[in-house]
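Colleague: Let me give you the structure first, and then I'll get to my questions.
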Number of protein chains: 2
Amino acid sequence: MPHLMLKDLPRYECLLEAAREFPDMDPSACEVFLNLLRTADDVFDVIEANFSNHRLSQGRFGVLMLLWRPAAKSGSDGDCACNAPRTPADLADAAGVTRATMTGLIDTLERDGLVKRGVDPADRRMQQVSLTPKGNEVLRAMLPSHFQIMSSVMASLKENERDALVKLLTKISSQVSRQKAETADSRAGADAPTRAGQ
Amino acid sequence: MPHLMLKDLPRYECLLEAAREFPDMDPSACEVFLNLLRTADDVFDVIEANFSNHRLSQGRFGVLMLLWRPAAKSGSDGDCACNAPRTPADLADAAGVTRATMTGLIDTLERDGLVKRGVDPADRRMQQVSLTPKGNEVLRAMLPSHFQIMSSVMASLKENERDALVKLLTKISSQVSRQKAETADSRAGADAPTRAGQ
DNA sequence: CATTTTTAGTTAGCCTCCTAACTATAAGCC
DNA sequence: GGCTTATAGTTAGGAGGCTAACTAAAAATG
């Protein structure tokens, strides 16, 4: 499940050596890349250990969170994204997985009694998924430690360091989106390529 | 396979609202956490798309890289970590997966002709895994684009930004290790707890 | 109103990860 | 030398990803 299947990162000299053989390789880019995946894996492991203590997983937790509304709440949060999705299709979309995957997740969550499926009287193709009291309980039991772990993992960064980190990460993510868009464009235009290259 | 099962990150106001309900929650820590996993997932997706183009996956690529030695090489690299592991156990250890998982990976790589198993005459329990010429070819064919993608993803960061990012990421990883060590310690001492709490 | 298209969800089959139980070989120890 | 223990690898079974093919219901279209 980790992103980086490598226990120890290669030392920088090793990257430099590889760069001699592959002129395209940029050692410092590679270093950032490896460190990014390594740190994300490290953090994820800690979080997942906590999930596991509560018989949850990343996917199961995600579904519960999407279904969860913080306490009984009047309409005062029309602004917040807490308007829980209800149908499997909505959940799959919000979670960024396929519907087939969501079917499987809901199956096991329902089997474990954390979630239930209901029918939509207006459209019989649809289902209304909702948290059971037990699901709510599990979430309330694990969230404090979840938050506590996030805090303590980030405890060594001061406020300005956190801001800087988020900015740098955002830069990378934007670059990735830009790149994806370009690739999609160039593929769309593959049948009628530009003549710029000539 | 992503670490963050959430298409869109919650807005900061939403985190603040959650913080009102959970006093343990630190909104800025949570924000960093979410951005870290999101960016790692973004970058990973791009890399994996390239793997997939070459009929590889993260795990398969990892094994090939561990078996790979850059070109014919005399003994001049005793320093570099390129002294390839050879047995399935070594590979599993270096990759950070279980031996059972490595068995499966080698199975499919062998089936596809990228890798071969050989016997160790000295110890008949052991196997010597090695790259086939085809495996070598696949690697050489995909590495240039792999490096090119890493470069272009990181292209928007200047050298000093890369340094800063690596430093911040390293801080987080160190904090995670420290925390893990503490947890392990406290668990080891669970039968003889300190009386400090009294 | 009947046919076609779209949409919601499930199923089947594959991959990669895991743990736990197993087989075969080697090593240690009376 | 003959037990016990340790080590290398595999197997079996589970989980959660995916795609592609399917069923059922609703909507669109003529």
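Letters A, B, ... go to the chains of the structure tokens in the order shown; residues in each chain start at 1; ligands are counted from 1 in the same order.
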Taking only C-alpha atoms (C1' of nucleotides) into account, report as number ranges by chain which residues of chain D lie within 12 Å of chain B.

Modeller: D: 7-12, 16-18

Colleague: Which residues are close to DG13 in chain D, i.e. within 12 Å by only C-alpha atoms (C1' of nucleotides), leaving aside same-chain residues fewer than 2 positions away? Reply as a ChimeraX atom specification.

Modeller: /C:18-21 /D:11,15

Colleague: Could I get chain A fitted onto chain B (least squares, all C-alpha atoms, in order) as a compact mmCIF listing (two decimals) with C-alpha atoms, in the first residue's frame?

Modeller:
# COMPACT_ATOMS: atom_id res chain seq x y z
CA MET A 1 -4.39 2.87 -3.80
CA PRO A 2 -4.32 6.58 -2.93
CA HIS A 3 -3.59 7.68 0.61
CA LEU A 4 -6.30 10.23 0.66
CA MET A 5 -9.71 9.03 -0.36
CA LEU A 6 -11.18 12.40 -1.01
CA LYS A 7 -11.43 14.15 -4.32
CA ASP A 8 -11.50 17.67 -3.01
CA LEU A 9 -9.83 18.88 0.15
CA PRO A 10 -12.19 20.52 2.65
CA ARG A 11 -11.97 24.27 2.79
CA TYR A 12 -10.24 25.83 5.73
CA GLU A 13 -13.49 27.20 7.18
CA CYS A 14 -14.73 23.65 7.35
CA LEU A 15 -11.70 22.64 9.36
CA LEU A 16 -12.29 25.54 11.70
CA GLU A 17 -15.84 24.43 12.21
CA ALA A 18 -14.74 20.89 13.02
CA ALA A 19 -12.24 22.34 15.49
CA ARG A 20 -15.07 23.97 17.40
CA GLU A 21 -16.53 20.56 18.01
CA PHE A 22 -13.27 18.70 18.68
CA PRO A 23 -11.02 20.73 20.93
CA ASP A 24 -8.13 18.35 20.20
CA MET A 25 -8.19 19.25 16.57
CA ASP A 26 -5.54 21.58 15.23
CA PRO A 27 -6.77 23.08 11.96
CA SER A 28 -3.39 24.08 10.62
CA ALA A 29 -1.89 20.66 11.42
CA CYS A 30 -4.82 19.10 9.66
CA GLU A 31 -4.34 21.34 6.66
CA VAL A 32 -0.68 20.42 6.31
CA PHE A 33 -1.57 16.78 6.72
CA LEU A 34 -4.20 16.85 4.02
CA ASN A 35 -2.02 18.78 1.61
CA LEU A 36 0.90 16.43 2.15
CA LEU A 37 -1.14 13.35 1.31
CA ARG A 38 -2.89 15.08 -1.57
CA THR A 39 0.34 16.20 -3.22
CA ALA A 40 1.99 12.83 -2.72
CA ASP A 41 -1.02 11.18 -4.33
CA ASP A 42 -0.93 13.62 -7.24
CA VAL A 43 2.74 13.00 -7.90
CA PHE A 44 2.34 9.28 -7.47
CA ASP A 45 -0.49 9.17 -9.99
CA VAL A 46 1.70 10.71 -12.67
CA ILE A 47 4.53 8.33 -11.98
CA GLU A 48 2.23 5.36 -11.94
CA ALA A 49 0.64 6.29 -15.25
CA ASN A 50 4.11 5.99 -16.75
CA PHE A 51 4.68 2.64 -15.04
CA SER A 52 1.40 1.47 -16.44
CA ASN A 53 2.41 2.48 -19.98
CA HIS A 54 5.27 0.02 -19.66
CA ARG A 55 3.14 -2.69 -18.07
CA LEU A 56 4.73 -2.08 -14.71
CA SER A 57 3.46 -1.12 -11.29
CA GLN A 58 5.06 0.45 -8.27
CA GLY A 59 5.93 -2.97 -6.87
CA ARG A 60 7.16 -4.46 -10.11
CA PHE A 61 9.27 -1.39 -10.84
CA GLY A 62 10.73 -1.52 -7.36
CA VAL A 63 11.88 -5.09 -7.78
CA LEU A 64 13.44 -4.39 -11.17
CA MET A 65 15.28 -1.37 -9.79
CA LEU A 66 16.63 -3.37 -6.88
CA LEU A 67 17.95 -5.96 -9.30
CA TRP A 68 19.34 -3.47 -11.74
CA ARG A 69 22.96 -2.42 -11.95
CA PRO A 70 23.74 0.60 -14.06
CA ALA A 71 25.51 -0.85 -17.10
CA ALA A 72 28.49 -3.09 -16.98
CA LYS A 73 30.49 -1.79 -14.11
CA SER A 74 33.82 -2.61 -12.62
CA GLY A 75 34.26 -2.68 -8.87
CA SER A 76 34.42 1.09 -8.68
CA ASP A 77 31.09 1.41 -6.91
CA GLY A 78 31.74 -0.39 -3.71
CA ASP A 79 30.41 2.71 -2.06
CA CYS A 80 27.05 2.89 -3.75
CA ALA A 81 24.03 0.96 -2.61
CA CYS A 82 23.87 -0.63 -6.04
CA ASN A 83 25.12 -3.95 -4.72
CA ALA A 84 21.93 -5.57 -5.77
CA PRO A 85 20.14 -7.85 -3.36
CA ARG A 86 19.53 -11.21 -4.94
CA THR A 87 17.41 -13.44 -2.79
CA PRO A 88 13.67 -12.97 -2.35
CA ALA A 89 14.23 -12.33 1.35
CA ASP A 90 16.74 -9.56 0.62
CA LEU A 91 14.42 -8.05 -1.95
CA ALA A 92 11.46 -8.15 0.43
CA ASP A 93 13.53 -6.49 3.12
CA ALA A 94 14.88 -3.79 0.82
CA ALA A 95 11.45 -3.10 -0.61
CA GLY A 96 9.78 -3.10 2.77
CA VAL A 97 7.19 -5.77 1.99
CA THR A 98 6.61 -9.26 3.34
CA ARG A 99 8.18 -12.32 1.80
CA ALA A 100 4.76 -13.54 0.80
CA THR A 101 4.23 -10.37 -1.19
CA MET A 102 7.65 -10.70 -2.78
CA THR A 103 6.84 -14.25 -3.82
CA GLY A 104 3.80 -12.94 -5.65
CA LEU A 105 5.70 -10.13 -7.35
CA ILE A 106 8.48 -12.43 -8.50
CA ASP A 107 5.88 -14.91 -9.73
CA THR A 108 4.28 -12.43 -12.08
CA LEU A 109 7.58 -10.86 -13.13
CA GLU A 110 8.91 -14.31 -13.94
CA ARG A 111 5.72 -15.18 -15.79
CA ASP A 112 6.24 -12.04 -17.89
CA GLY A 113 9.88 -12.94 -18.50
CA LEU A 114 11.43 -9.89 -16.81
CA VAL A 115 13.13 -11.81 -14.06
CA LYS A 116 14.33 -15.34 -13.44
CA ARG A 117 14.87 -17.51 -10.41
CA GLY A 118 18.07 -19.48 -10.02
CA VAL A 119 19.24 -21.88 -7.38
CA ASP A 120 22.00 -21.26 -4.88
CA PRO A 121 24.35 -24.25 -5.00
CA ALA A 122 25.62 -23.52 -1.49
CA ASP A 123 22.24 -23.33 0.27
CA ARG A 124 19.36 -25.10 -1.31
CA ARG A 125 16.79 -23.08 0.61
CA MET A 126 17.83 -19.95 -1.22
CA GLN A 127 17.13 -18.58 -4.67
CA GLN A 128 19.07 -16.15 -6.76
CA VAL A 129 16.75 -13.76 -8.54
CA SER A 130 18.10 -11.83 -11.49
CA LEU A 131 17.00 -9.58 -14.32
CA THR A 132 16.57 -11.17 -17.72
CA PRO A 133 17.73 -9.29 -20.82
CA LYS A 134 14.07 -8.47 -21.42
CA GLY A 135 13.76 -7.07 -17.90
CA ASN A 136 16.80 -4.95 -18.48
CA GLU A 137 15.36 -3.71 -21.74
CA VAL A 138 12.04 -2.75 -20.16
CA LEU A 139 13.86 -0.81 -17.49
CA ARG A 140 16.07 1.02 -19.97
CA ALA A 141 13.04 1.84 -22.06
CA MET A 142 11.06 3.37 -19.23
CA LEU A 143 13.68 5.06 -17.07
CA PRO A 144 14.22 8.11 -19.30
CA SER A 145 10.55 9.05 -19.16
CA HIS A 146 10.52 8.27 -15.45
CA PHE A 147 13.32 10.72 -14.82
CA GLN A 148 11.83 13.22 -17.19
CA ILE A 149 8.54 13.17 -15.30
CA MET A 150 10.24 13.70 -11.95
CA SER A 151 12.13 16.66 -13.37
CA SER A 152 9.13 18.31 -14.89
CA VAL A 153 6.96 17.79 -11.81
CA MET A 154 9.59 19.54 -9.71
CA ALA A 155 10.38 22.13 -12.34
CA SER A 156 8.40 24.86 -10.63
CA LEU A 157 10.59 24.72 -7.51
CA LYS A 158 13.87 26.60 -7.43
CA GLU A 159 16.89 25.03 -5.85
CA ASN A 160 16.43 26.79 -2.51
CA GLU A 161 12.76 25.82 -2.43
CA ARG A 162 13.68 22.21 -2.98
CA ASP A 163 16.11 22.34 -0.09
CA ALA A 164 13.52 23.94 2.14
CA LEU A 165 10.92 21.35 1.19
CA VAL A 166 13.23 18.43 1.89
CA LYS A 167 14.10 19.94 5.27
CA LEU A 168 10.46 20.35 6.24
CA LEU A 169 9.57 16.85 5.10
CA THR A 170 12.51 15.43 6.99
CA LYS A 171 11.35 17.19 10.13
CA ILE A 172 7.98 15.50 9.86
CA SER A 173 9.48 12.09 9.20
CA SER A 174 11.80 12.42 12.18
CA GLN A 175 8.90 13.39 14.36
CA VAL A 176 7.02 10.30 13.19
CA SER A 177 9.96 8.03 14.03
CA ARG A 178 10.35 9.63 17.43
CA GLN A 179 6.67 9.12 18.10
CA LYS A 180 6.76 5.51 16.98
CA ALA A 181 9.70 4.83 19.27
CA GLU A 182 7.82 6.32 22.20
CA THR A 183 4.73 4.28 21.49
CA ALA A 184 6.84 1.13 21.26
CA ASP A 185 8.54 1.99 24.54
CA SER A 186 5.35 2.69 26.37
CA ARG A 187 3.88 -0.54 25.11
CA ALA A 188 6.97 -2.50 26.16
CA GLY A 189 6.67 -1.01 29.62
CA ALA A 190 2.93 -1.52 29.85
CA ASP A 191 3.23 -4.38 32.30
CA ALA A 192 5.38 -2.35 34.66
CA PRO A 193 4.04 1.16 34.21
CA THR A 194 5.81 4.09 35.72
CA ARG A 195 4.25 5.70 38.73
CA ALA A 196 4.81 9.15 37.36
CA GLY A 197 1.11 9.54 36.80
CA GLN A 198 0.31 9.18 40.48

Colleague: Find the distance between C1' of DT11 in chain C and C1' of DA27 in chain D and write it in Å to one decimal.

Modeller: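 C1' of DA27 in chain D lies 25.1 Å from C1' of DT11 in chain C.
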
Colleague: Hey, which bits of chain C sit within 10 Å of chain B, and for each residue what's the closest pair of atoms and how far apart in Å (one decimal), counting only C-alpha atoms (C1' of nucleotides), rows by chain and increasing number, as a tab-separated table?

Modeller:
residue	atom	partner	partner_atom	distance
C:DC15	C1'	B:Ser57	CA	9.8
C:DT16	C1'	B:Thr101	CA	7.8
C:DC17	C1'	B:Thr101	CA	6.9
C:DC18	C1'	B:Thr101	CA	8.2
C:DT19	C1'	B:Ala100	CA	9.5
C:DA24	C1'	B:Arg125	CA	7.2
C:DT25	C1'	B:Arg125	CA	5.6
C:DA26	C1'	B:Asp123	CA	7.8

Colleague: Filtering to N, CA and C atoms (P, O5', C5', C4', C3', O3' and C1' of nucleotides), could you give me those residues as a CSV table (one decimal), in the first residue's frame?

Modeller:
chain,number,residue,atom,x,y,z
C,15,DC,P,-3.6,-10.9,-13.0
C,15,DC,O5',-3.4,-9.7,-12.0
C,15,DC,C5',-3.3,-8.4,-12.5
C,15,DC,C4',-3.0,-7.4,-11.4
C,15,DC,C3',-1.9,-7.8,-10.5
C,15,DC,O3',-0.9,-6.8,-10.4
C,15,DC,C1',-3.8,-7.3,-9.2
C,16,DT,P,0.5,-7.2,-9.9
C,16,DT,O5',0.4,-6.6,-8.4
C,16,DT,C5',0.1,-5.3,-8.2
C,16,DT,C4',-0.2,-5.0,-6.7
C,16,DT,C3',0.9,-5.6,-5.8
C,16,DT,O3',1.1,-4.6,-4.8
C,16,DT,C1',-1.2,-6.3,-5.1
C,17,DC,P,2.6,-4.5,-4.1
C,17,DC,O5',2.3,-5.0,-2.6
C,17,DC,C5',2.0,-4.2,-1.6
C,17,DC,C4',0.9,-4.7,-0.7
C,17,DC,C3',1.2,-5.7,0.4
C,17,DC,O3',2.0,-5.1,1.4
C,17,DC,C1',-0.9,-6.0,-0.5
C,18,DC,P,2.8,-6.0,2.4
C,18,DC,O5',1.7,-6.7,3.4
C,18,DC,C5',0.9,-5.8,4.2
C,18,DC,C4',-0.2,-6.7,4.8
C,18,DC,C3',0.3,-7.9,5.6
C,18,DC,O3',0.5,-7.4,6.9
C,18,DC,C1',-1.5,-8.5,4.2
C,19,DT,P,1.4,-8.3,7.9
C,19,DT,O5',0.4,-9.5,8.4
C,19,DT,C5',-0.9,-9.2,8.8
C,19,DT,C4',-1.6,-10.6,9.2
C,19,DT,C3',-0.8,-11.5,10.0
C,19,DT,O3',-1.7,-12.1,10.9
C,19,DT,C1',-1.2,-12.6,8.0
C,24,DA,P,8.1,-31.1,1.8
C,24,DA,O5',9.4,-30.3,1.8
C,24,DA,C5',9.7,-29.4,0.8
C,24,DA,C4',11.0,-28.8,1.0
C,24,DA,C3',12.1,-29.7,1.4
C,24,DA,O3',13.3,-29.4,0.7
C,24,DA,C1',12.0,-28.1,3.0
C,25,DT,P,14.6,-30.4,0.6
C,25,DT,O5',15.7,-29.5,1.3
C,25,DT,C5',15.9,-28.2,0.9
C,25,DT,C4',16.6,-27.5,2.1
C,25,DT,C3',17.9,-28.1,2.6
C,25,DT,O3',18.9,-27.3,2.2
C,25,DT,C1',16.5,-27.2,4.3
C,26,DA,P,20.5,-27.6,2.5
C,26,DA,O5',20.7,-26.9,3.9
C,26,DA,C5',20.5,-25.5,4.0
C,26,DA,C4',20.7,-25.0,5.4
C,26,DA,C3',22.1,-25.4,6.0
C,26,DA,O3',22.7,-24.3,6.5
C,26,DA,C1',20.3,-25.8,7.5

Colleague: Measure the distance from C1' of DC29 in chain C to C1' of DG1 in chain D in Å and round it to one decimal.

Modeller: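 Taking C1' of DC29 in chain C and C1' of DG1 in chain D, their separation equals 11.5 Å.
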
Colleague: Rounded to one decimal in Å, what is the spacing between C1' of DT5 in chain C and C1' of DC22 in chain D?

Modeller: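 Taking C1' of DT5 in chain C as the start and C1' of DC22 in chain D as the end point, the length is 16.2 Å.
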
Colleague: Between C:DC1, C:DC14, C:DT7, C:DC30, which is the closest to DA24 in chain D once you count only C-alpha atoms (C1' of nucleotides)?

Modeller: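 Nearest candidate to DA24 in chain D out of C:DC1, C:DC14, C:DT7, C:DC30: C:DT7.
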
Colleague: Please, which residues of range 70-186 of chain A, numbered as in this document, come out strand (DSSP E or B) from DSSP, as number ranges by chain?

Modeller: A: 115-119, 127-131

Colleague: Can you write just those residues out, C-alpha atoms, as a PDB file, in the first residue's frame?

Modeller:
ATOM      1  CA  VAL A 115     -23.724   1.783   7.864  1.00  0.00           C
ATOM      2  CA  LYS A 116     -27.082   0.895   6.390  1.00  0.00           C
ATOM      3  CA  ARG A 117     -28.638   1.017   2.958  1.00  0.00           C
ATOM      4  CA  GLY A 118     -32.103   2.465   2.498  1.00  0.00           C
ATOM      5  CA  VAL A 119     -34.287   2.826  -0.541  1.00  0.00           C
ATOM      6  CA  GLN A 127     -30.048   3.940  -2.401  1.00  0.00           C
ATOM      7  CA  GLN A 128     -29.710   6.138   0.617  1.00  0.00           C
ATOM      8  CA  VAL A 129     -26.688   5.165   2.659  1.00  0.00           C
ATOM      9  CA  SER A 130     -26.487   6.360   6.235  1.00  0.00           C
ATOM     10  CA  LEU A 131     -24.488   5.916   9.407  1.00  0.00           C
TER      11      LEU A 131
END
